[in-house]
file start_14.txt (compact mmCIF, C-alpha atoms and all ligand atoms)
# COMPACT_ATOMS: atom_id res chain seq x y z
CA MET A 1 14.56 -6.27 36.16
CA ARG A 2 17.04 -3.45 35.56
CA LEU A 3 20.58 -4.71 35.57
CA VAL A 4 24.14 -3.69 34.89
CA LEU A 5 26.77 -6.31 34.13
CA VAL A 6 30.45 -5.65 34.82
CA GLY A 7 33.45 -7.92 34.46
CA PRO A 8 37.06 -7.97 33.31
CA PRO A 9 38.21 -8.82 29.79
CA GLY A 10 38.18 -12.59 29.41
CA ALA A 11 35.29 -13.09 31.85
CA GLY A 12 32.89 -13.96 29.04
CA LYS A 13 30.79 -10.89 29.74
CA GLY A 14 29.29 -10.55 26.24
CA THR A 15 28.16 -14.18 26.22
CA GLN A 16 26.75 -14.01 29.75
CA ALA A 17 24.95 -10.76 28.94
CA GLN A 18 23.25 -12.50 26.02
CA PHE A 19 22.21 -15.58 28.04
CA ILE A 20 21.04 -13.71 31.13
CA ALA A 21 19.02 -11.20 29.11
CA SER A 22 17.37 -13.98 27.16
CA HIS A 23 16.57 -15.97 30.36
CA LEU A 24 14.94 -12.85 31.82
CA SER A 25 13.27 -11.79 28.54
CA ILE A 26 14.77 -8.33 28.73
CA PRO A 27 16.84 -6.57 26.06
CA LYS A 28 20.61 -6.72 26.29
CA ILE A 29 21.81 -3.19 25.75
CA SER A 30 25.50 -2.93 24.99
CA THR A 31 27.20 0.35 24.18
CA GLY A 32 28.80 -1.34 21.17
CA ASP A 33 25.36 -2.21 19.74
CA ILE A 34 23.99 1.26 20.48
CA PHE A 35 26.97 2.88 18.74
CA ARG A 36 26.66 0.68 15.69
CA ALA A 37 22.89 1.26 15.46
CA ASN A 38 23.28 5.05 15.68
CA VAL A 39 26.18 5.21 13.26
CA SER A 40 24.67 2.88 10.65
CA GLY A 41 21.25 4.51 11.11
CA GLY A 42 22.83 7.92 10.52
CA THR A 43 21.15 9.51 13.57
CA PRO A 44 22.41 12.96 14.63
CA LEU A 45 24.15 11.34 17.62
CA GLY A 46 25.61 8.68 15.35
CA LYS A 47 27.02 11.30 13.01
CA LEU A 48 28.53 13.15 15.95
CA ALA A 49 30.06 9.97 17.38
CA LYS A 50 31.46 9.05 13.98
CA GLU A 51 33.29 12.38 13.71
CA TYR A 52 35.16 11.57 16.90
CA MET A 53 35.84 7.97 15.94
CA ASP A 54 37.09 8.96 12.47
CA ARG A 55 39.59 11.27 14.13
CA GLY A 56 40.63 8.44 16.42
CA ASP A 57 39.29 10.30 19.45
CA LEU A 58 37.22 8.91 22.29
CA VAL A 59 33.53 9.66 21.98
CA PRO A 60 32.72 12.11 24.82
CA ASP A 61 30.59 10.94 27.72
CA GLU A 62 27.71 13.30 26.82
CA VAL A 63 27.29 11.63 23.44
CA THR A 64 27.37 8.13 24.92
CA VAL A 65 24.95 9.14 27.65
CA ALA A 66 22.53 10.68 25.13
CA MET A 67 22.56 7.45 23.11
CA VAL A 68 21.92 5.37 26.22
CA ARG A 69 19.06 7.68 27.20
CA ASP A 70 17.47 7.25 23.75
CA ARG A 71 17.85 3.48 23.93
CA LEU A 72 16.41 3.21 27.46
CA SER A 73 13.42 5.26 26.34
CA GLU A 74 12.42 2.66 23.76
CA ASP A 75 9.36 0.47 24.39
CA ASP A 76 11.19 -2.82 24.87
CA ALA A 77 13.29 -1.40 27.73
CA GLN A 78 10.36 -0.28 29.89
CA GLU A 79 10.03 -3.52 31.83
CA GLY A 80 13.75 -4.02 32.30
CA PHE A 81 17.10 -4.23 30.60
CA LEU A 82 20.62 -5.49 30.99
CA LEU A 83 23.31 -2.89 30.39
CA ASP A 84 26.68 -4.12 29.16
CA GLY A 85 29.56 -1.66 28.78
CA PHE A 86 27.79 1.23 30.47
CA PRO A 87 28.41 2.81 32.91
CA ARG A 88 32.20 2.61 32.65
CA ASN A 89 33.02 5.04 35.45
CA VAL A 90 31.49 6.72 38.49
CA PRO A 91 30.40 9.94 36.71
CA GLN A 92 28.50 7.82 34.17
CA ALA A 93 26.97 5.78 37.02
CA GLU A 94 25.77 9.01 38.63
CA VAL A 95 24.28 10.19 35.34
CA LEU A 96 22.54 6.84 34.88
CA LYS A 97 21.10 7.04 38.37
CA LYS A 98 19.69 10.50 37.68
CA MET A 99 18.35 9.42 34.30
CA LEU A 100 16.50 6.43 35.77
CA ASP A 101 15.24 8.62 38.57
CA GLU A 102 13.70 10.96 35.97
CA PHE A 103 12.09 7.89 34.38
CA GLY A 104 10.68 7.08 37.85
CA THR A 105 12.75 3.94 38.24
CA ALA A 106 16.11 2.65 39.46
CA LEU A 107 18.62 -0.12 38.95
CA ASP A 108 17.76 -3.35 40.75
CA LEU A 109 21.15 -4.99 40.71
CA VAL A 110 24.70 -4.76 39.45
CA LEU A 111 26.18 -8.15 38.67
CA GLU A 112 29.95 -8.38 38.80
CA LEU A 113 31.58 -11.33 37.08
CA VAL A 114 34.51 -12.29 39.27
CA VAL A 115 37.50 -14.13 37.79
CA ASP A 116 41.03 -13.95 39.11
CA ASP A 117 43.75 -12.54 36.87
CA ASP A 118 45.63 -15.82 36.46
CA GLU A 119 42.48 -17.50 35.19
CA VAL A 120 41.94 -14.72 32.66
CA VAL A 121 45.52 -15.10 31.48
CA ARG A 122 45.08 -18.88 31.20
CA ARG A 123 41.96 -18.37 29.08
CA LEU A 124 43.27 -15.68 26.78
CA ALA A 125 46.99 -16.43 26.50
CA GLY A 126 46.24 -19.94 25.20
CA ARG A 127 44.44 -18.60 22.14
CA ARG A 128 46.05 -19.28 18.78
CA THR A 129 44.70 -17.79 15.58
CA CYS A 130 45.04 -19.25 12.09
CA ARG A 131 46.88 -16.94 9.70
CA SER A 132 44.97 -18.29 6.73
CA CYS A 133 41.33 -18.72 7.80
CA GLY A 134 41.22 -16.77 11.08
CA LYS A 135 39.85 -19.65 13.12
CA VAL A 136 40.72 -19.39 16.82
CA TRP A 137 42.04 -22.44 18.67
CA HIS A 138 43.04 -22.82 22.29
CA GLU A 139 46.11 -24.72 23.48
CA LEU A 140 44.22 -26.14 26.46
CA PHE A 141 40.50 -25.97 25.73
CA ASP A 142 40.32 -26.52 21.97
CA PRO A 143 43.73 -27.71 20.76
CA PRO A 144 44.42 -28.51 17.11
CA THR A 145 45.48 -32.11 16.38
CA GLN A 146 48.99 -30.97 15.51
CA PRO A 147 50.40 -28.08 17.54
CA GLY A 148 50.72 -24.89 15.52
CA VAL A 149 48.67 -26.14 12.57
CA CYS A 150 45.04 -25.31 11.81
CA ASP A 151 42.85 -28.42 11.51
CA ALA A 152 40.41 -26.56 9.33
CA CYS A 153 42.76 -25.41 6.59
CA GLY A 154 46.33 -26.47 7.39
CA GLY A 155 47.31 -22.82 7.99
CA GLU A 156 49.90 -21.67 10.49
CA LEU A 157 48.70 -20.71 13.97
CA PHE A 158 50.03 -17.65 15.76
CA GLN A 159 49.43 -15.70 18.95
CA ARG A 160 47.83 -12.28 18.41
CA ASP A 161 49.42 -9.37 20.28
CA ASP A 162 46.13 -8.96 22.17
CA ASP A 163 46.52 -12.49 23.50
CA ARG A 164 50.04 -12.07 24.88
CA GLU A 165 50.35 -12.35 28.63
CA GLU A 166 51.88 -8.83 29.06
CA THR A 167 49.07 -7.29 27.02
CA ILE A 168 46.42 -9.17 28.97
CA ARG A 169 47.92 -8.22 32.34
CA HIS A 170 48.06 -4.60 31.22
CA ARG A 171 44.39 -4.63 30.13
CA LEU A 172 43.48 -6.17 33.49
CA GLU A 173 45.32 -3.40 35.33
CA VAL A 174 43.53 -0.73 33.29
CA TYR A 175 40.23 -2.47 33.96
CA GLN A 176 40.86 -2.62 37.70
CA GLU A 177 41.80 1.06 37.82
CA GLN A 178 38.67 2.09 35.95
CA THR A 179 36.26 -0.33 37.49
CA ALA A 180 37.26 -0.57 41.13
CA PRO A 181 35.67 2.85 41.93
CA LEU A 182 32.54 1.89 39.97
CA VAL A 183 32.20 -1.37 41.87
CA ALA A 184 32.72 0.50 45.15
CA PHE A 185 30.03 3.01 44.13
CA TYR A 186 27.48 0.23 43.60
CA ALA A 187 28.56 -1.57 46.75
CA ASP A 188 27.77 1.65 48.65
CA GLU A 189 24.38 1.75 46.94
CA GLY A 190 23.81 -1.76 48.26
CA ILE A 191 23.01 -3.27 44.86
CA LEU A 192 26.29 -5.01 43.96
CA VAL A 193 26.51 -8.79 43.79
CA GLY A 194 29.50 -10.84 42.70
CA VAL A 195 29.20 -14.02 40.67
CA ASP A 196 32.04 -16.50 40.36
CA ALA A 197 32.74 -16.56 36.61
CA THR A 198 35.18 -19.49 36.57
CA GLY A 199 34.18 -22.71 34.87
CA PRO A 200 31.98 -23.55 31.89
CA VAL A 201 29.77 -20.83 30.39
CA GLU A 202 26.49 -22.63 31.28
CA GLU A 203 27.53 -23.03 34.92
CA VAL A 204 28.30 -19.34 35.19
CA THR A 205 24.91 -18.49 33.69
CA GLN A 206 23.20 -20.83 36.18
CA ARG A 207 25.05 -19.19 39.09
CA ALA A 208 24.07 -15.74 37.86
CA MET A 209 20.44 -16.78 37.43
CA ALA A 210 20.36 -18.26 40.95
CA VAL A 211 21.55 -14.94 42.34
CA LEU A 212 19.03 -12.98 40.28
CA ARG A 213 16.12 -15.21 41.32
CA ARG A 214 17.07 -14.75 44.95
CA PHE A 215 16.90 -10.99 44.53
CA ALA A 216 13.73 -11.07 42.44
CA ASP A 217 11.76 -12.74 45.25
ZN ZN B 1 42.85 -22.18 9.25

call {"tool": "encode", "arguments": {"input": "start_14.txt", "output": "structure tokens"}}
result
Amino acid sequence: MRLVLVGPPGAGKGTQAQFIASHLSIPKISTGDIFRANVSGGTPLGKLAKEYMDRGDLVPDEVTVAMVRDRLSEDDAQEGFLLDGFPRNVPQAEVLKKMLDEFGTALDLVLELVVDDDEVVRRLAGRRTCRSCGKVWHELFDPPTQPGVCDACGGELFQRDDDREETIRHRLEVYQEQTAPLVAFYADEGILVGVDATGPVEEVTQRAMAVLRRFAD
């Protein structure tokens, strides 16, 4: 099965990608992993990407696309894959479509993890990080015995800037702006399915697998 997974920050996308790929026995292909592999492996594309990253610039689409093409050409991706983090926009989705077409194949399904903004805020804004050992607690889901104090080391807990409500809401807005056209593109292609991503991780995986089985038949 050839899949793309999309979802907002805080939807647990990385974790779901891992579980779903392992259930389906297909490789999980994330752009983060591809970047790291190319950079640490010192491939020509990795060197090129690193030049941009060292300057603090965004890696251009062509470089990302070339890395994805290389990765999708590998043996383990011939029977299927789950893409996480690519495509990020409609032009990339069009390139991917053409690429797969050249390979004589196509995407089967695009799975969208659906969580409402308030739920994302609830999940992320409750996170508290230990200044001393870095352990992450959660005010609601994994609270320390004494508020503000790390159970593991007695260190002081604080809220990272990334976990502040304003920051989270801003990231969600950026995500919506970028992703709404992508989701619409795949809806037009008739391969988009939404999965409710609220609730425990295992339940979300089960829901996703139920959807995928329905489409596999
Ligand atoms: Zn600690």

call {"tool": "residues_near_ligand", "arguments": {"input": "start_14.txt", "ligand": "ligand ZN 1 (chain B)", "cutoff": "7 Å", "atoms": "all atoms listed in the file", "output": "number ranges by chain"}}
result
A: 130-135, 150-155

call {"tool": "closest_residue", "arguments": {"input": "start_14.txt", "among": "A:Ala106, A:Leu48, A:Val120, A:Val114", "to": "Glu79 (chain A)", "atoms": "all atoms listed in the file"}}
result
A:Ala106

call {"tool": "residues_around", "arguments": {"input": "start_14.txt", "residues": "Gly199 (chain A)", "least_positions_apart": "5", "cutoff": "12 Å", "atoms": "only C-alpha atoms", "output": "number ranges by chain"}}
result
A: 11-12, 113-116, 119-120, 123, 141, 204-207

call {"tool": "residues_near_point", "arguments": {"input": "start_14.txt", "point": "(22.2, -17.6, 27.9)", "cutoff": "10 Å", "atoms": "all atoms listed in the file", "output": "PyMOL selection string"}}
result
chain A and resi 15-24+201-202+204-206+209

call {"tool": "residues_around", "arguments": {"input": "start_14.txt", "residues": "region 25-28 of chain A", "least_positions_apart": "5", "cutoff": "10 Å", "atoms": "only C-alpha atoms", "output": "list of chain:residue names"}}
result
A:Met1, A:Arg2, A:Leu3, A:Val4, A:Leu5, A:Gly14, A:Ala17, A:Gln18, A:Phe19, A:Ile20, A:Asp33, A:Leu72, A:Asp76, A:Ala77, A:Gln78, A:Glu79, A:Gly80, A:Phe81, A:Leu82, A:Leu83, A:Asp84

call {"tool": "residues_near_point", "arguments": {"input": "start_14.txt", "point": "(46.9, -22.3, 15.3)", "cutoff": "6 Å", "atoms": "only C-alpha atoms", "output": "list in words"}}
result
Arg128, Thr129, Cys130, Trp137, Gly148, Val149, Cys150, Glu156, Leu157 and Phe158 of chain A

call {"tool": "atom_distance", "arguments": {"input": "start_14.txt", "atom1": "CA of Val193 (chain A)", "atom2": "CA of Ala180 (chain A)"}}
result
13.8 Å

call {"tool": "residues_around", "arguments": {"input": "start_14.txt", "residues": "Val65 (chain A)", "least_positions_apart": "4", "cutoff": "10 Å", "atoms": "all atoms listed in the file", "output": "PyMOL selection string"}}
result
chain A and resi 31+60-61+69-71+86-87+92+95-96+99

call {"tool": "atom_distance", "arguments": {"input": "start_14.txt", "atom1": "CA of Ala125 (chain A)", "atom2": "CA of Glu112 (chain A)"}}
result
22.5 Å

call {"tool": "residues_around", "arguments": {"input": "start_14.txt", "residues": "Phe185 (chain A)", "least_positions_apart": "6", "cutoff": "9 Å", "atoms": "only C-alpha atoms", "output": "VMD selection string"}}
result
chain A and resid 90 93 192

call {"tool": "residues_around", "arguments": {"input": "start_14.txt", "residues": "Asp163 (chain A)", "least_positions_apart": "2", "cutoff": "8 Å", "atoms": "only C-alpha atoms", "output": "number ranges by chain"}}
result
A: 124-127, 159-161, 165, 167-168

call {"tool": "write_last_selection", "arguments": {"input": "start_14.txt", "atoms": "C-alpha atoms", "output": "CSV table (one decimal), in the coordinates of the input"}}
result
chain,number,residue,atom,x,y,z
A,124,LEU,CA,43.3,-15.7,26.8
A,125,ALA,CA,47.0,-16.4,26.5
A,126,GLY,CA,46.2,-19.9,25.2
A,127,ARG,CA,44.4,-18.6,22.1
A,159,GLN,CA,49.4,-15.7,19.0
A,160,ARG,CA,47.8,-12.3,18.4
A,161,ASP,CA,49.4,-9.4,20.3
A,165,GLU,CA,50.4,-12.4,28.6
A,167,THR,CA,49.1,-7.3,27.0
A,168,ILE,CA,46.4,-9.2,29.0

call {"tool": "closest_residue", "arguments": {"input": "start_14.txt", "among": "A:Val183, A:Leu111, A:Val136, A:Ala197", "to": "Leu212 (chain A)", "atoms": "only C-alpha atoms"}}
result
A:Leu111

call {"tool": "axis_aligned_box", "arguments": {"input": "start_14.txt", "around": "region 132-145 of chain A", "padding_each_side": "3 Å", "output": "JSON"}}
result
{"center_x": 43.0, "center_y": -24.4, "center_z": 16.6, "size_x": 12.3, "size_y": 21.3, "size_z": 25.7}

call {"tool": "closest_residue", "arguments": {"input": "start_14.txt", "among": "A:Leu45, A:Val59, A:Val68, A:Leu140", "to": "Ser30 (chain A)", "atoms": "only C-alpha atoms"}}
result
A:Val68

call {"tool": "atom_distance", "arguments": {"input": "start_14.txt", "atom1": "CA of Asn89 (chain A)", "atom2": "CA of Gln178 (chain A)"}}
result
6.4 Å

call {"tool": "closest_residue", "arguments": {"input": "start_14.txt", "among": "A:Ala184, A:Pro147, A:Arg164, A:Asp108", "to": "Ala216 (chain A)", "atoms": "all atoms listed in the file"}}
result
A:Asp108

call {"tool": "closest_residue", "arguments": {"input": "start_14.txt", "among": "A:Val110, A:Arg122, A:Glu177, A:Thr145", "to": "Gly190 (chain A)", "atoms": "only C-alpha atoms"}}
result
A:Val110

call {"tool": "closest_residue", "arguments": {"input": "start_14.txt", "among": "A:Lys50, A:Leu107, A:Gly32, A:Val211", "to": "Glu94 (chain A)", "atoms": "all atoms listed in the file"}}
result
A:Leu107

call {"tool": "decode", "arguments": {"input": "start_14.txt", "residues": "region 78-121 of chain A", "atoms": "N, CA and C atoms", "output": "compact mmCIF listing (two decimals), in the first residue's frame"}}
result
# COMPACT_ATOMS: atom_id res chain seq x y z
N GLN A 78 9.31 -0.91 -2.82
CA GLN A 78 8.64 -1.31 -4.07
C GLN A 78 7.23 -1.84 -3.86
N GLU A 79 6.99 -2.44 -2.68
CA GLU A 79 5.66 -2.99 -2.42
C GLU A 79 4.75 -2.03 -1.67
N GLY A 80 5.31 -0.88 -1.30
CA GLY A 80 4.51 0.10 -0.57
C GLY A 80 5.37 0.93 0.35
N PHE A 81 4.77 1.99 0.87
CA PHE A 81 5.49 2.87 1.79
C PHE A 81 4.49 3.79 2.46
N LEU A 82 4.94 4.39 3.54
CA LEU A 82 4.14 5.42 4.19
C LEU A 82 4.99 6.68 4.26
N LEU A 83 4.57 7.71 3.56
CA LEU A 83 5.31 8.97 3.54
C LEU A 83 4.82 9.89 4.66
N ASP A 84 5.78 10.43 5.41
CA ASP A 84 5.46 11.32 6.52
C ASP A 84 6.29 12.59 6.37
N GLY A 85 5.63 13.71 6.15
CA GLY A 85 6.34 14.98 6.00
C GLY A 85 6.55 15.39 4.54
N PHE A 86 6.11 14.56 3.64
CA PHE A 86 6.18 14.85 2.21
C PHE A 86 4.97 14.21 1.55
N PRO A 87 4.29 14.87 0.64
CA PRO A 87 4.49 16.27 0.23
C PRO A 87 3.96 17.25 1.27
N ARG A 88 4.52 18.46 1.25
CA ARG A 88 4.10 19.51 2.17
C ARG A 88 3.18 20.50 1.49
N ASN A 89 3.20 20.53 0.17
CA ASN A 89 2.37 21.52 -0.54
C ASN A 89 1.91 20.92 -1.87
N VAL A 90 1.06 21.64 -2.57
CA VAL A 90 0.47 21.12 -3.80
C VAL A 90 1.53 20.88 -4.90
N PRO A 91 2.47 21.83 -5.11
CA PRO A 91 3.49 21.54 -6.13
C PRO A 91 4.24 20.24 -5.84
N GLN A 92 4.58 19.99 -4.58
CA GLN A 92 5.26 18.73 -4.24
C GLN A 92 4.35 17.53 -4.49
N ALA A 93 3.06 17.70 -4.22
CA ALA A 93 2.10 16.60 -4.46
C ALA A 93 2.03 16.29 -5.95
N GLU A 94 2.10 17.33 -6.77
CA GLU A 94 2.06 17.13 -8.22
C GLU A 94 3.32 16.41 -8.70
N VAL A 95 4.46 16.81 -8.13
CA VAL A 95 5.72 16.17 -8.48
C VAL A 95 5.70 14.69 -8.07
N LEU A 96 5.17 14.43 -6.87
CA LEU A 96 5.10 13.05 -6.39
C LEU A 96 4.22 12.20 -7.31
N LYS A 97 3.13 12.79 -7.74
CA LYS A 97 2.21 12.07 -8.62
C LYS A 97 2.92 11.67 -9.92
N LYS A 98 3.65 12.63 -10.47
CA LYS A 98 4.38 12.38 -11.72
C LYS A 98 5.46 11.32 -11.52
N MET A 99 6.15 11.44 -10.40
CA MET A 99 7.23 10.50 -10.07
C MET A 99 6.69 9.08 -10.00
N LEU A 100 5.58 8.90 -9.26
CA LEU A 100 5.01 7.57 -9.11
C LEU A 100 4.49 7.05 -10.44
N ASP A 101 3.95 7.97 -11.23
CA ASP A 101 3.48 7.62 -12.56
C ASP A 101 4.63 7.06 -13.40
N GLU A 102 5.79 7.70 -13.32
CA GLU A 102 6.98 7.20 -14.03
C GLU A 102 7.36 5.81 -13.54
N PHE A 103 7.18 5.58 -12.24
CA PHE A 103 7.47 4.26 -11.66
C PHE A 103 6.37 3.25 -12.02
N GLY A 104 5.32 3.71 -12.69
CA GLY A 104 4.20 2.83 -13.05
C GLY A 104 3.26 2.55 -11.90
N THR A 105 3.20 3.47 -10.94
CA THR A 105 2.32 3.24 -9.79
C THR A 105 1.65 4.55 -9.35
N ALA A 106 0.94 4.49 -8.25
CA ALA A 106 0.24 5.69 -7.77
C ALA A 106 -0.03 5.55 -6.28
N LEU A 107 -0.35 6.66 -5.64
CA LEU A 107 -0.74 6.59 -4.24
C LEU A 107 -2.07 5.86 -4.11
N ASP A 108 -2.21 5.08 -3.05
CA ASP A 108 -3.50 4.44 -2.79
C ASP A 108 -4.40 5.34 -1.94
N LEU A 109 -3.78 5.94 -0.92
CA LEU A 109 -4.59 6.67 0.04
C LEU A 109 -3.78 7.74 0.76
N VAL A 110 -4.47 8.82 1.10
CA VAL A 110 -3.87 9.85 1.95
C VAL A 110 -4.69 9.89 3.23
N LEU A 111 -4.02 9.62 4.33
CA LEU A 111 -4.68 9.55 5.62
C LEU A 111 -4.46 10.87 6.35
N GLU A 112 -5.56 11.54 6.69
CA GLU A 112 -5.44 12.79 7.43
C GLU A 112 -5.85 12.58 8.88
N LEU A 113 -4.91 12.84 9.79
CA LEU A 113 -5.25 12.77 11.21
C LEU A 113 -5.99 14.04 11.57
N VAL A 114 -7.19 13.89 12.09
CA VAL A 114 -8.04 15.04 12.37
C VAL A 114 -8.16 15.25 13.89
N VAL A 115 -7.70 16.37 14.35
CA VAL A 115 -7.83 16.75 15.77
C VAL A 115 -8.21 18.22 15.80
N ASP A 116 -9.15 18.61 16.67
CA ASP A 116 -9.47 20.03 16.65
C ASP A 116 -8.43 20.82 17.44
N ASP A 117 -8.34 22.10 17.11
CA ASP A 117 -7.29 22.96 17.65
C ASP A 117 -7.24 22.97 19.18
N ASP A 118 -8.42 23.03 19.81
CA ASP A 118 -8.44 23.09 21.27
C ASP A 118 -7.83 21.84 21.89
N GLU A 119 -8.06 20.70 21.24
CA GLU A 119 -7.49 19.45 21.73
C GLU A 119 -5.97 19.47 21.61
N VAL A 120 -5.47 19.99 20.50
CA VAL A 120 -4.03 20.11 20.31
C VAL A 120 -3.43 21.01 21.40
N VAL A 121 -4.10 22.12 21.65
CA VAL A 121 -3.62 23.04 22.68
C VAL A 121 -3.60 22.34 24.05
